[in-house]
Amino acid sequence: MNEAWPEITAWRRQQRERLIGERVALQPAQHQSWSAAINAGISAGFALPQDMVVGFCWPFKNEFDARFAVRDFRARGALAALPLVVDK
């Protein structure tokens with residue numbers, strides 16, 4: 001195992017906590033604006049064959065909300081799928 005791995009793991013944990021904190025602190029208007037831009041890019045960036053299955057997750061802790069892009073995909077013939085959560 002890499003000797004630096006404990007430092008890398010600690011750094012990643014710290015960065016994740018910081019980034020989640022920043023995301024949770026976003027003002028609703030800013031979050032909505034960024035989400036709309038991301039959804040528009042995703043919707044425009046993928047050609048979907050009929051019956052394609054698109055997997056997505058429900059937003060957590062103010063994450064990007066992909067449901068609007070998924071709604072567009074469904075309107076173009078894709079199927080949507082959420083993961084099955086069996087344990088914490």
# chains A, B, ... in the order shown; residues from 1 in each chain; ligands from 1
>>> residues_around(residues="Phe73 of chain A", least_positions_apart="2", cutoff="12 Å", atoms="only C-alpha atoms", output="JSON, numbers by chain")
{"A": [39, 40, 42, 43, 44, 45, 46, 47, 48, 49, 50, 51, 52, 53, 54, 55, 56, 66, 67, 68, 69, 70, 71, 75, 76, 77, 78, 79, 80, 81]}
>>> write_last_selection(atoms="C-alpha atoms", output="mmCIF file, in the first residue's frame")
data_model
loop_
_atom_site.group_PDB
_atom_site.id
_atom_site.type_symbol
_atom_site.label_atom_id
_atom_site.label_comp_id
_atom_site.auth_asym_id
_atom_site.auth_seq_id
_atom_site.Cartn_x
_atom_site.Cartn_y
_atom_site.Cartn_z
ATOM 1 C CA ASN A 39 -29.633 20.304 -16.892
ATOM 2 C CA ALA A 40 -29.589 22.214 -20.195
ATOM 3 C CA ILE A 42 -26.919 17.387 -20.127
ATOM 4 C CA SER A 43 -30.155 17.438 -22.131
ATOM 5 C CA ALA A 44 -28.412 18.919 -25.169
ATOM 6 C CA GLY A 45 -25.337 16.708 -24.880
ATOM 7 C CA PHE A 46 -26.885 13.270 -25.193
ATOM 8 C CA ALA A 47 -28.684 11.679 -28.112
ATOM 9 C CA LEU A 48 -30.985 9.051 -26.651
ATOM 10 C CA PRO A 49 -32.030 5.949 -28.530
ATOM 11 C CA GLN A 50 -35.547 4.738 -27.811
ATOM 12 C CA ASP A 51 -35.829 2.586 -24.675
ATOM 13 C CA MET A 52 -32.466 3.698 -23.285
ATOM 14 C CA VAL A 53 -32.392 3.427 -19.484
ATOM 15 C CA VAL A 54 -31.113 6.503 -17.654
ATOM 16 C CA GLY A 55 -30.046 5.956 -14.053
ATOM 17 C CA PHE A 56 -30.015 8.851 -11.610
ATOM 18 C CA ALA A 66 -30.969 15.748 -12.330
ATOM 19 C CA ARG A 67 -34.723 15.163 -12.316
ATOM 20 C CA PHE A 68 -35.335 17.891 -14.905
ATOM 21 C CA ALA A 69 -32.852 16.411 -17.397
ATOM 22 C CA VAL A 70 -34.340 12.970 -16.730
ATOM 23 C CA ARG A 71 -37.820 14.366 -17.432
ATOM 24 C CA ALA A 75 -40.073 12.800 -23.066
ATOM 25 C CA ARG A 76 -37.645 11.624 -25.787
ATOM 26 C CA GLY A 77 -38.340 7.935 -25.118
ATOM 27 C CA ALA A 78 -35.840 6.966 -22.414
ATOM 28 C CA LEU A 79 -36.730 5.009 -19.298
ATOM 29 C CA ALA A 80 -35.678 6.349 -15.890
ATOM 30 C CA ALA A 81 -34.324 4.218 -13.052
#
>>> select_by_dssp(residues="chain A", states="helix (DSSP H, G or I)", output="MDAnalysis selection string")
chainID A and resid 5:24 28:45 67:75
>>> residues_around(residues="segment 30-38 of chain A", least_positions_apart="6", cutoff="8 Å", atoms="only C-alpha atoms", output="PyMOL selection string")
chain A and resi 62+64-66
>>> select_by_dssp(residues="chain A", states="strand (DSSP E)", output="ChimeraX atom specification")
/A:53-55,79-81
>>> atom_distance(atom1="atom CA of Gly21 of chain A", atom2="atom CA of Leu82 of chain A")
25.3 Å
>>> closest_residue(among="A:Ala29, A:Gly41, A:Val86, A:Glu22", to="Glu63 of chain A", atoms="only C-alpha atoms")
A:Glu22
